[in-house]
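Colleague: What follows is run-v1.txt; its format and atoms are compact mmCIF, C-alpha atoms and all ligand atoms.
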# COMPACT_ATOMS: atom_id res chain seq x y z
CA MET A 1 92.08 119.22 70.82
CA SER A 2 95.41 119.70 69.07
CA LYS A 3 95.09 120.64 65.42
CA LYS A 4 98.61 121.58 64.35
CA TYR A 5 100.02 118.37 65.77
CA PRO A 6 97.26 115.77 66.16
CA ILE A 7 97.42 112.82 68.52
CA ILE A 8 95.87 109.37 68.08
CA SER A 9 95.49 107.33 71.25
CA VAL A 10 94.80 103.59 71.12
CA VAL A 11 93.92 102.17 74.52
CA GLY A 12 93.55 98.58 75.63
CA SER A 13 94.36 96.36 78.56
CA SER A 14 97.45 94.13 78.51
CA GLY A 15 96.92 91.50 75.79
CA ALA A 16 93.86 93.22 74.34
CA GLY A 17 95.49 93.49 70.94
CA THR A 18 96.69 97.09 70.76
CA SER A 19 100.02 96.01 69.20
CA THR A 20 98.06 94.07 66.57
CA VAL A 21 95.90 97.14 65.87
CA LYS A 22 99.06 99.26 65.61
CA ALA A 23 100.14 97.13 62.63
CA THR A 24 96.98 98.23 60.78
CA PHE A 25 97.64 101.88 61.64
CA ASP A 26 101.25 101.50 60.41
CA GLN A 27 99.92 100.16 57.11
CA ILE A 28 97.60 103.17 56.70
CA PHE A 29 100.39 105.60 57.65
CA ARG A 30 102.71 104.04 55.06
CA ARG A 31 100.08 103.98 52.32
CA GLU A 32 98.92 107.56 52.96
CA GLY A 33 102.45 108.96 53.35
CA VAL A 34 101.88 109.99 56.98
CA ASN A 35 104.98 110.62 59.07
CA ALA A 36 103.89 109.31 62.48
CA ILE A 37 105.81 109.16 65.76
CA SER A 38 104.82 106.03 67.70
CA ILE A 39 105.04 105.69 71.46
CA GLU A 40 104.12 102.85 73.84
CA GLY A 41 102.27 103.07 77.14
CA ASP A 42 104.80 100.76 78.83
CA SER A 43 107.47 103.45 78.36
CA PHE A 44 105.62 105.46 81.00
CA HIS A 45 105.70 102.80 83.73
CA ARG A 46 107.02 104.53 86.83
CA TYR A 47 109.32 101.66 87.89
CA ASN A 48 111.67 99.19 86.27
CA ARG A 49 110.89 95.50 86.93
CA ALA A 50 112.98 95.18 90.12
CA ASP A 51 111.72 98.47 91.59
CA MET A 52 108.14 97.52 90.70
CA LYS A 53 108.56 94.22 92.57
CA ALA A 54 109.98 96.07 95.59
CA GLU A 55 107.14 98.62 95.51
CA LEU A 56 104.58 95.81 95.22
CA GLU A 57 106.06 94.01 98.22
CA ARG A 58 106.21 97.23 100.25
CA ARG A 59 102.56 98.00 99.56
CA TYR A 60 101.52 94.39 100.11
CA ALA A 61 103.16 94.48 103.56
CA GLU A 62 101.10 97.60 104.29
CA GLY A 63 97.89 95.77 103.32
CA ASP A 64 97.47 97.10 99.78
CA ALA A 65 96.89 94.06 97.55
CA THR A 66 95.62 96.03 94.55
CA PHE A 67 98.75 97.77 93.29
CA SER A 68 99.69 96.75 89.71
CA HIS A 69 100.77 98.10 86.33
CA PHE A 70 97.14 99.09 85.80
CA SER A 71 97.22 101.47 88.80
CA TYR A 72 97.55 105.15 88.07
CA GLU A 73 100.41 105.45 90.62
CA ALA A 74 102.46 102.72 88.90
CA ASN A 75 102.77 104.96 85.84
CA ALA A 76 104.19 108.41 85.18
CA LEU A 77 100.87 109.74 83.92
CA ASP A 78 101.92 113.31 84.64
CA GLU A 79 104.80 112.80 82.22
CA LEU A 80 102.51 111.18 79.63
CA GLU A 81 100.13 114.14 79.89
CA ARG A 82 103.07 116.54 79.56
CA VAL A 83 104.29 114.72 76.42
CA PHE A 84 100.79 114.84 74.88
CA ARG A 85 100.42 118.54 75.71
CA GLU A 86 103.88 119.46 74.42
CA TYR A 87 103.45 117.47 71.21
CA GLY A 88 100.02 118.99 70.57
CA GLU A 89 101.43 122.49 70.96
CA THR A 90 104.90 122.20 69.40
CA GLY A 91 105.32 118.81 67.68
CA LYS A 92 108.13 118.04 70.14
CA GLY A 93 108.32 115.47 72.91
CA ARG A 94 110.25 112.47 74.18
CA SER A 95 109.88 108.79 74.89
CA ARG A 96 111.83 105.65 75.81
CA HIS A 97 111.30 101.88 75.73
CA TYR A 98 110.51 99.39 78.47
CA VAL A 99 112.44 96.27 77.48
CA HIS A 100 110.36 93.15 78.19
CA ASP A 101 112.42 90.25 76.87
CA ALA A 102 115.63 89.01 75.29
CA ASN A 103 114.55 89.93 71.75
CA GLU A 104 113.89 93.54 72.73
CA SER A 105 117.08 93.49 74.78
CA ALA A 106 119.10 92.58 71.67
CA LYS A 107 117.37 95.39 69.77
CA TYR A 108 117.77 98.14 72.38
CA GLY A 109 120.94 97.07 74.20
CA VAL A 110 119.31 97.20 77.64
CA GLU A 111 118.63 94.28 80.03
CA PRO A 112 115.02 92.98 80.20
CA GLY A 113 112.99 94.82 82.83
CA HIS A 114 114.82 98.12 82.29
CA PHE A 115 114.18 101.29 80.31
CA THR A 116 116.26 102.81 77.55
CA GLU A 117 117.23 106.47 78.01
CA TRP A 118 114.63 109.12 77.13
CA ALA A 119 115.12 110.32 73.56
CA PRO A 120 113.52 113.29 71.76
CA PHE A 121 111.03 112.75 68.94
CA GLU A 122 112.21 113.20 65.39
CA GLU A 123 111.20 116.56 63.95
CA ASP A 124 108.65 117.29 61.20
CA SER A 125 106.11 114.61 62.05
CA ASP A 126 102.43 114.68 61.06
CA LEU A 127 101.02 113.08 64.17
CA LEU A 128 101.73 111.25 67.41
CA PHE A 129 100.46 107.68 67.79
CA TYR A 130 100.13 106.26 71.33
CA GLU A 131 99.30 102.63 72.09
CA GLY A 132 98.92 101.36 75.65
CA LEU A 133 97.11 101.17 78.96
CA HIS A 134 96.44 104.78 79.94
CA GLY A 135 96.09 106.95 76.82
CA CYS A 136 92.57 108.16 77.70
CA VAL A 137 92.82 108.58 81.49
CA THR A 138 90.84 111.40 83.07
CA ASN A 139 91.13 111.58 86.85
CA ASP A 140 91.70 114.18 89.61
CA GLU A 141 95.37 114.61 88.67
CA VAL A 142 95.54 114.35 84.88
CA ASP A 143 93.38 114.70 81.80
CA ILE A 144 95.20 112.79 79.10
CA ALA A 145 92.05 112.14 77.03
CA LYS A 146 91.51 115.82 76.32
CA HIS A 147 94.82 116.06 74.44
CA ALA A 148 93.99 113.24 72.01
CA ASP A 149 92.18 113.98 68.74
CA LEU A 150 91.21 110.41 67.84
CA LYS A 151 90.69 107.91 70.66
CA ILE A 152 90.31 104.19 69.96
CA GLY A 153 89.44 101.43 72.45
CA VAL A 154 90.55 97.85 71.81
CA VAL A 155 88.49 95.67 74.11
CA PRO A 156 87.95 91.94 73.63
CA VAL A 157 85.32 90.52 75.99
CA ILE A 158 87.12 89.66 79.18
CA ASN A 159 87.52 85.87 78.78
CA LEU A 160 89.11 86.44 75.38
CA GLU A 161 91.33 89.18 76.77
CA TRP A 162 92.60 86.78 79.44
CA ILE A 163 93.19 84.03 76.85
CA GLN A 164 95.17 86.45 74.66
CA LYS A 165 97.21 87.64 77.63
CA ILE A 166 97.95 84.12 78.90
CA HIS A 167 99.03 82.90 75.46
CA ARG A 168 101.13 85.98 74.66
CA ASP A 169 102.85 86.10 78.09
CA ARG A 170 103.58 82.36 77.97
CA ALA A 171 104.77 82.29 74.37
CA SER A 172 106.83 85.45 74.15
CA ARG A 173 107.55 86.51 77.72
CA GLY A 174 108.29 83.15 79.33
CA TYR A 175 105.67 83.28 82.12
CA THR A 176 103.64 80.26 83.37
CA THR A 177 99.83 80.16 83.24
CA GLU A 178 99.82 80.33 87.07
CA ALA A 179 102.03 83.44 87.11
CA VAL A 180 99.82 85.18 84.51
CA THR A 181 96.69 84.19 86.46
CA ASP A 182 98.13 85.80 89.62
CA VAL A 183 98.81 88.99 87.67
CA ILE A 184 95.27 89.02 86.23
CA LEU A 185 93.82 88.62 89.74
CA ARG A 186 95.99 91.34 91.26
CA ARG A 187 95.17 93.73 88.42
CA MET A 188 91.42 93.22 88.57
CA HIS A 189 90.74 96.07 91.02
CA ASP A 190 92.43 98.64 88.84
CA TYR A 191 91.16 97.03 85.64
CA VAL A 192 87.76 98.18 86.90
CA HIS A 193 88.88 101.52 88.34
CA CYS A 194 91.61 102.69 85.94
CA ILE A 195 91.26 100.84 82.62
CA VAL A 196 87.52 100.39 81.96
CA PRO A 197 86.48 104.06 82.51
CA GLN A 198 88.65 105.05 79.55
CA PHE A 199 86.33 103.21 77.15
CA SER A 200 83.70 105.88 77.78
CA GLN A 201 86.20 108.53 76.62
CA THR A 202 87.05 106.81 73.35
CA ASP A 203 85.57 107.80 69.97
CA ILE A 204 85.45 104.26 68.60
CA ASN A 205 85.65 100.91 70.42
CA PHE A 206 86.52 97.63 68.73
CA GLN A 207 85.21 94.78 70.87
CA ARG A 208 86.10 91.23 69.77
CA VAL A 209 83.61 88.56 70.83
CA PRO A 210 84.42 84.86 70.36
CA VAL A 211 81.72 82.57 69.01
CA VAL A 212 83.36 79.44 70.43
CA ASP A 213 83.23 78.32 74.05
CA THR A 214 85.74 80.23 76.20
CA SER A 215 84.08 79.51 79.53
CA ASN A 216 87.34 78.31 81.10
CA PRO A 217 89.92 80.70 79.66
CA PHE A 218 92.71 79.19 81.78
CA ILE A 219 92.75 75.85 79.94
CA THR A 220 91.99 77.04 76.41
CA ARG A 221 94.59 75.58 74.07
CA TRP A 222 94.59 78.36 71.49
CA ILE A 223 93.33 81.88 70.97
CA PRO A 224 89.99 81.85 69.11
CA THR A 225 90.83 82.71 65.52
CA PRO A 226 89.39 85.66 63.58
CA ASP A 227 87.03 83.17 61.86
CA GLU A 228 85.80 82.16 65.31
CA SER A 229 84.89 85.69 66.39
CA LEU A 230 82.81 88.76 65.64
CA ILE A 231 83.76 92.36 66.27
CA VAL A 232 81.37 94.97 67.60
CA ILE A 233 82.39 98.47 66.50
CA ARG A 234 80.79 101.25 68.50
CA PHE A 235 80.98 104.95 67.61
CA ARG A 236 80.55 107.47 70.41
CA ASN A 237 79.20 110.01 67.93
CA PRO A 238 77.67 108.24 64.91
CA ARG A 239 76.95 111.52 63.13
CA GLY A 240 78.91 111.65 59.88
CA ILE A 241 79.66 107.90 59.85
CA ASP A 242 78.45 106.37 56.57
CA PHE A 243 76.94 103.13 57.91
CA PRO A 244 75.29 102.06 54.62
CA TYR A 245 78.72 102.33 52.93
CA LEU A 246 80.41 100.31 55.68
CA THR A 247 77.77 97.56 55.76
CA SER A 248 77.82 97.29 51.96
CA MET A 249 81.63 97.13 51.78
CA ILE A 250 82.08 94.67 54.67
CA ASN A 251 80.56 91.36 53.70
CA GLY A 252 78.53 89.79 56.51
CA SER A 253 78.28 92.96 58.62
CA TRP A 254 75.14 94.44 60.13
CA MET A 255 74.06 97.24 62.46
CA SER A 256 73.13 96.11 65.97
CA ARG A 257 72.34 99.59 67.28
CA ALA A 258 72.10 103.08 65.86
CA ASN A 259 75.79 103.64 66.69
CA SER A 260 77.19 100.11 66.35
CA ILE A 261 78.02 97.66 63.61
CA VAL A 262 79.01 94.01 63.90
CA ILE A 263 81.52 92.52 61.49
CA PRO A 264 83.03 89.03 61.01
CA GLY A 265 86.34 88.75 62.92
CA ASN A 266 88.35 88.22 59.73
CA LYS A 267 87.22 91.63 58.44
CA GLN A 268 88.86 93.63 61.27
CA ASP A 269 91.69 94.88 59.12
CA LEU A 270 89.39 95.92 56.25
CA ALA A 271 86.94 97.62 58.65
CA MET A 272 89.75 99.55 60.33
CA GLN A 273 91.11 100.69 56.97
CA LEU A 274 87.68 101.84 55.79
CA ILE A 275 86.80 103.60 59.04
CA LEU A 276 90.15 105.04 60.04
CA THR A 277 91.68 106.14 56.73
CA PRO A 278 89.34 109.14 56.19
CA LEU A 279 89.64 110.16 59.86
CA ILE A 280 93.45 110.04 59.71
CA GLU A 281 93.49 111.86 56.36
CA ARG A 282 91.37 114.65 57.84
CA LEU A 283 93.58 115.03 60.94
CA VAL A 284 96.75 115.11 58.85
CA ALA A 285 95.34 117.56 56.28
CA GLU A 286 94.13 119.92 59.03
CA GLY A 287 97.49 119.70 60.76
CA ARG A 288 99.45 120.41 57.57
CA ARG A 289 97.17 123.37 56.78
CA ALA A 290 97.55 124.78 60.30
CA ARG A 291 101.35 124.48 60.12
CA ALA A 292 101.70 125.96 56.63
N1 LIG B 301 92.02 90.24 66.24
C1 LIG B 301 92.78 89.25 66.72
N2 LIG B 301 92.58 88.00 66.30
C2 LIG B 301 93.33 86.97 66.79
N3 LIG B 301 94.30 87.11 67.71
C3 LIG B 301 94.54 88.35 68.16
C4 LIG B 301 93.80 89.48 67.70
N4 LIG B 301 94.26 90.58 68.35
C5 LIG B 301 95.24 90.14 69.16
N5 LIG B 301 95.42 88.81 69.06
C6 LIG B 301 96.42 88.01 69.77
O1 LIG B 301 96.37 88.35 71.14
C7 LIG B 301 97.68 88.42 71.72
C8 LIG B 301 97.89 89.78 72.36
O2 LIG B 301 97.84 90.78 71.33
P1 LIG B 301 98.79 92.06 71.39
O3 LIG B 301 100.21 91.66 71.60
O4 LIG B 301 98.45 92.87 70.19
O5 LIG B 301 98.25 92.73 72.72
P2 LIG B 301 98.63 94.12 73.39
O6 LIG B 301 97.36 94.74 73.77
O7 LIG B 301 99.54 94.87 72.50
O8 LIG B 301 99.40 93.69 74.66
P3 LIG B 301 100.53 94.55 75.46
O9 LIG B 301 100.08 95.96 75.44
O10 LIG B 301 100.53 93.94 76.81
O11 LIG B 301 101.79 94.32 74.69
C9 LIG B 301 98.65 88.12 70.59
O12 LIG B 301 98.98 86.76 70.67
C10 LIG B 301 97.83 88.40 69.33
O13 LIG B 301 98.27 87.62 68.24
O1 LIG B 302 102.03 94.16 79.46
C1 LIG B 302 102.33 94.82 80.40
C2 LIG B 302 101.68 96.11 80.66
O2 LIG B 302 101.07 96.54 79.46
C3 LIG B 302 103.41 94.30 81.30
O3 LIG B 302 102.84 93.48 82.24
C4 LIG B 302 104.23 95.36 81.94
O4 LIG B 302 104.79 96.15 80.93
C5 LIG B 302 105.33 94.73 82.81
O5 LIG B 302 106.10 93.91 82.03
P1 LIG B 302 107.03 92.74 82.65
O6 LIG B 302 106.11 91.77 83.32
O7 LIG B 302 107.69 92.17 81.40
O8 LIG B 302 108.00 93.39 83.57
Give the structure from the file, written as structure tokens.
Ligand SMILES: Nc1ncnc2c1ncn2[C@@H]1O[C@H](COP(=O)(O)OP(=O)(O)OP(=O)(O)O)[C@@H](O)[C@H]1O
Ligand SMILES: O=C(CO)[C@H](O)[C@H](O)COP(=O)(O)O
Modeller:
Amino acid sequence: MSKKYPIISVVGSSGAGTSTVKATFDQIFRREGVNAISIEGDSFHRYNRADMKAELERRYAEGDATFSHFSYEANALDELERVFREYGETGKGRSRHYVHDANESAKYGVEPGHFTEWAPFEEDSDLLFYEGLHGCVTNDEVDIAKHADLKIGVVPVINLEWIQKIHRDRASRGYTTEAVTDVILRRMHDYVHCIVPQFSQTDINFQRVPVVDTSNPFITRWIPTPDESLIVIRFRNPRGIDFPYLTSMINGSWMSRANSIVIPGNKQDLAMQLILTPLIERLVAEGRRARA
């Protein structure tokens, strides 16, 4: 646990909605005057797009059909762990961007499928905010989870996750449904082995569940809306969580287990603000005290 320089890690599969959740965190940071450094999991991919394709083909020729961006080896997790450790101890660190598309290319001045140069973090921050695929990995080589002080899982049920990925990759990354389906299939092995185990490390999971039929996610014409979904919020340690306050403030919510509440999908932002603001305030106040 880092106290002087706390770390928040938001983990979710590709298309789960971690970027959407980041917008809520950004709102809280702005409102509470928190100076946060934000980094993305994709910055720690080990290969650029062309090298990844070559590595995939090499492994495929050797009979390995499971290699994907979800695999531990496709990502510089040693570097991510090093950045978390260094930030926790000193408030310093570095990151870069993986440029996905033409819009990002115009912003960063690097061709799609390539990384920008590594750049050091700005000084005097209050916390580090990570959003991506591997921010709570614990395996034989690395223990990234142990460096994070607040760990959040963003996990729609799997049909919804696929729908969100297909729609996002088609709309903003120019892929076809067939291409995205191939990627989903190839990633399934390491979805199970590398992504899912992290949701037992997280402090709070937000799981969106549609209440409309998503039984064939590959032909669904739009992403179920917030009004067409519920969100299950599960706390690893419910001690200290004021459930009566939450259920009274969030209209239409109820407790489904001793450590879980269910809220209407359109209350996600409100629920996150109510739950996360005091946790962030505490981390930041402890950090500022420790650094004084
Ligand atoms: N709560 C939500 N309600 C409705 N749509 C959502 C919700 N969360 C995410 N989406 C939609 O799902 C798609 C994927 O979301 P987002 O881009 O946040 O995923 P991501 O996890 O950041 O993906 P990646 O890490 O691959 O960039 C987007 O089209 C987004 O609008
Ligand atoms: O969302 C992803 C992982 O989180 C992308 O699939 C990954 O970053 C590779 O991107 P691209 O297909 O644009 O090269």
Colleague: Select, from A:Asp169, A:Glu178, A:Asp213, A:Asp190, the residue with the minimum atom-to-atom distance to ligand LIG 301 (chain B), counting only C-alpha atoms and all ligand atoms.
Modeller: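 Between A:Asp169, A:Glu178, A:Asp213, A:Asp190, the residue approaching ligand LIG 301 (chain B) most closely is A:Asp169.
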Colleague: With all atoms listed in the file as the atoms that count, which of A:His134, A:Arg288, A:Arg208, A:Arg257 lies nearest to His193 in chain A?
Modeller: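 Smallest separation from His193 in chain A among the options: A:His134.
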Colleague: For Val212 in chain A, which residue out of A:Leu230, A:Ile37, A:Leu80, A:Val196 is the nearest one, using only C-alpha atoms?
Modeller: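 Counting only C-alpha atoms, the residue closest to Val212 in chain A is A:Leu230.
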Colleague: Which residues come within 12 Å of Phe199 in chain A, counting all atoms listed in the file, excluding same-chain residues fewer than 5 positions away, as a PyMOL selection string?
Modeller: chain A and resi 9-13+133-138+145+151-156+191-194+204-207+234-236
Colleague: Box in all listed atoms of ligand LIG 301 (chain B), axis-aligned, with 6 Å more on each side; write out centre and edge lengths in Å to one decimal as JSON.
Modeller:
{"center_x": 96.9, "center_y": 91.4, "center_z": 71.5, "size_x": 21.8, "size_y": 21.2, "size_z": 22.6}
Colleague: What are the closest atom pairs, with distances in Å to one decimal, for each residue of chain A lying within 6 Å of ligand LIG 302 (chain B), using only C-alpha atoms and all ligand atoms, rows by chain and rising residue number, as a tab-separated table?
Modeller:
residue	atom	partner	partner_atom	distance
A:Ser14	CA	B:LIG302	O2	4.5
A:Asp42	CA	B:LIG302	O4	5.1
A:Arg49	CA	B:LIG302	O8	4.9
A:His100	CA	B:LIG302	O7	4.3
A:Gly113	CA	B:LIG302	O8	5.2
Colleague: Mind listing as a PyMOL selection string all residues within 12 Å of (73.1, 99.9, 68.4), counting all atoms listed in the file?
Modeller: chain A and resi 232-238+243+254-262
Colleague: Give one line per residue of chain A that approaches ligand LIG 301 (chain B) to at most 10 Å, naming the two atoms of the closest pair and their distance in Å to one decimal, counting all atoms listed in the file; sort by chain then ascending residue number and deliver it as a Markdown table.
Modeller:
| residue | atom | partner | partner_atom | distance |
| --- | --- | --- | --- | --- |
| A:Val10 | CA | B:LIG301 | O6 | 9.6 |
| A:Val11 | CA | B:LIG301 | O6 | 8.2 |
| A:Gly12 | CA | B:LIG301 | O6 | 5.7 |
| A:Ser13 | CA | B:LIG301 | O6 | 5.9 |
| A:Ser14 | CA | B:LIG301 | O10 | 3.5 |
| A:Gly15 | CA | B:LIG301 | O8 | 3.5 |
| A:Ala16 | CA | B:LIG301 | O6 | 3.9 |
| A:Gly17 | CA | B:LIG301 | O4 | 3.1 |
| A:Thr18 | CA | B:LIG301 | O6 | 3.9 |
| A:Ser19 | CA | B:LIG301 | O7 | 3.5 |
| A:Thr20 | CA | B:LIG301 | O4 | 3.8 |
| A:Val21 | CA | B:LIG301 | O4 | 6.6 |
| A:Lys22 | CA | B:LIG301 | O4 | 7.9 |
| A:Ala23 | CA | B:LIG301 | O4 | 8.8 |
| A:Glu40 | CA | B:LIG301 | O9 | 8.1 |
| A:Gly41 | CA | B:LIG301 | O9 | 7.6 |
| A:Asp42 | CA | B:LIG301 | O9 | 7.5 |
| A:His100 | CA | B:LIG301 | O11 | 9.3 |
| A:Glu131 | CA | B:LIG301 | O9 | 7.5 |
| A:Gly132 | CA | B:LIG301 | O9 | 5.5 |
| A:Leu133 | CA | B:LIG301 | O9 | 7.0 |
| A:Val154 | CA | B:LIG301 | O6 | 7.7 |
| A:Val155 | CA | B:LIG301 | O6 | 8.9 |
| A:Pro156 | CA | B:LIG301 | N4 | 8.3 |
| A:Leu160 | CA | B:LIG301 | O1 | 8.6 |
| A:Glu161 | CA | B:LIG301 | O1 | 7.6 |
| A:Trp162 | CA | B:LIG301 | O1 | 9.3 |
| A:Ile163 | CA | B:LIG301 | O1 | 7.8 |
| A:Gln164 | CA | B:LIG301 | O1 | 4.2 |
| A:Lys165 | CA | B:LIG301 | C8 | 5.7 |
| A:Ile166 | CA | B:LIG301 | C7 | 8.4 |
| A:His167 | CA | B:LIG301 | O12 | 6.2 |
| A:Arg168 | CA | B:LIG301 | O12 | 4.6 |
| A:Asp169 | CA | B:LIG301 | O10 | 8.3 |
| A:Arg170 | CA | B:LIG301 | O12 | 9.7 |
| A:Ala171 | CA | B:LIG301 | O12 | 8.2 |
| A:Ser172 | CA | B:LIG301 | O12 | 8.7 |
| A:Phe206 | CA | B:LIG301 | N1 | 9.5 |
| A:Gln207 | CA | B:LIG301 | N1 | 9.4 |
| A:Arg208 | CA | B:LIG301 | N1 | 7.0 |
| A:Val209 | CA | B:LIG301 | N1 | 9.7 |
| A:Pro210 | CA | B:LIG301 | N2 | 9.6 |
| A:Trp222 | CA | B:LIG301 | O12 | 9.5 |
| A:Ile223 | CA | B:LIG301 | N3 | 6.2 |
| A:Pro224 | CA | B:LIG301 | C2 | 6.5 |
| A:Thr225 | CA | B:LIG301 | C2 | 5.1 |
| A:Pro226 | CA | B:LIG301 | N2 | 4.8 |
| A:Asp227 | CA | B:LIG301 | N2 | 8.6 |
| A:Glu228 | CA | B:LIG301 | N2 | 9.0 |
| A:Ser229 | CA | B:LIG301 | N2 | 8.0 |
| A:Leu230 | CA | B:LIG301 | N1 | 9.3 |
| A:Ile231 | CA | B:LIG301 | N1 | 8.5 |
| A:Gly265 | CA | B:LIG301 | N1 | 6.7 |
| A:Asn266 | CA | B:LIG301 | N1 | 7.7 |
| A:Lys267 | CA | B:LIG301 | N1 | 9.3 |
| A:Gln268 | CA | B:LIG301 | N1 | 6.8 |
| A:Asp269 | CA | B:LIG301 | N1 | 8.5 |
Colleague: Within 12 Å of (110.1, 104.6, 67.5), all atoms listed in the file: residues as a VMD selection string?
Modeller: chain A and resid 26 35 to 40 43 94 to 97 107 to 108 116 118 to 122 128 to 131
Colleague: Could you produce a table of the residues of range 120-209 of chain A lying within 8 Å of range 62-69 of chain A, with the nearest pair of atoms per residue and their separation in Å rounded to one decimal, using only C-alpha atoms, ordered by chain and increasing residue number, as JSON lines?
Modeller:
{"residue": "A:Arg186", "atom": "CA", "partner": "A:Thr66", "partner_atom": "CA", "distance": 5.7}
{"residue": "A:Arg187", "atom": "CA", "partner": "A:Ser68", "partner_atom": "CA", "distance": 5.6}
{"residue": "A:Met188", "atom": "CA", "partner": "A:Thr66", "partner_atom": "CA", "distance": 7.8}
{"residue": "A:His189", "atom": "CA", "partner": "A:Thr66", "partner_atom": "CA", "distance": 6.0}
{"residue": "A:Asp190", "atom": "CA", "partner": "A:Thr66", "partner_atom": "CA", "distance": 7.0}
Colleague: From the options A:Phe44, A:Tyr5, A:Tyr98, A:Tyr72, which residue's atoms come nearest to Asp124 in chain A, counting all atoms listed in the file?
Modeller: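 Closest to Asp124 in chain A, using all atoms listed in the file: A:Tyr5.
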Colleague: Give me, as a ChimeraX atom specification, all polymer residues having an atom no more than 10 Å from Val284 in chain A, counting only C-alpha atoms and skipping those fewer than 6 positions away in the same chain.
Modeller: /A:3-7,32,34-36,125-127,278,290
Colleague: Excluding same-chain residues fewer than 4 positions from Ala271 in chain A, what lies within 8 Å of it counting all atoms listed in the file, as number ranges by chain?
Modeller: A: 246, 250, 263, 267, 275
Colleague: Report the distance between CA of Thr24 in chain A and CA of Leu283 in chain A in Å, rounded to one decimal place.
Modeller: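 About the pair CA of Thr24 in chain A and CA of Leu283 in chain A: they are 17.1 Å apart.
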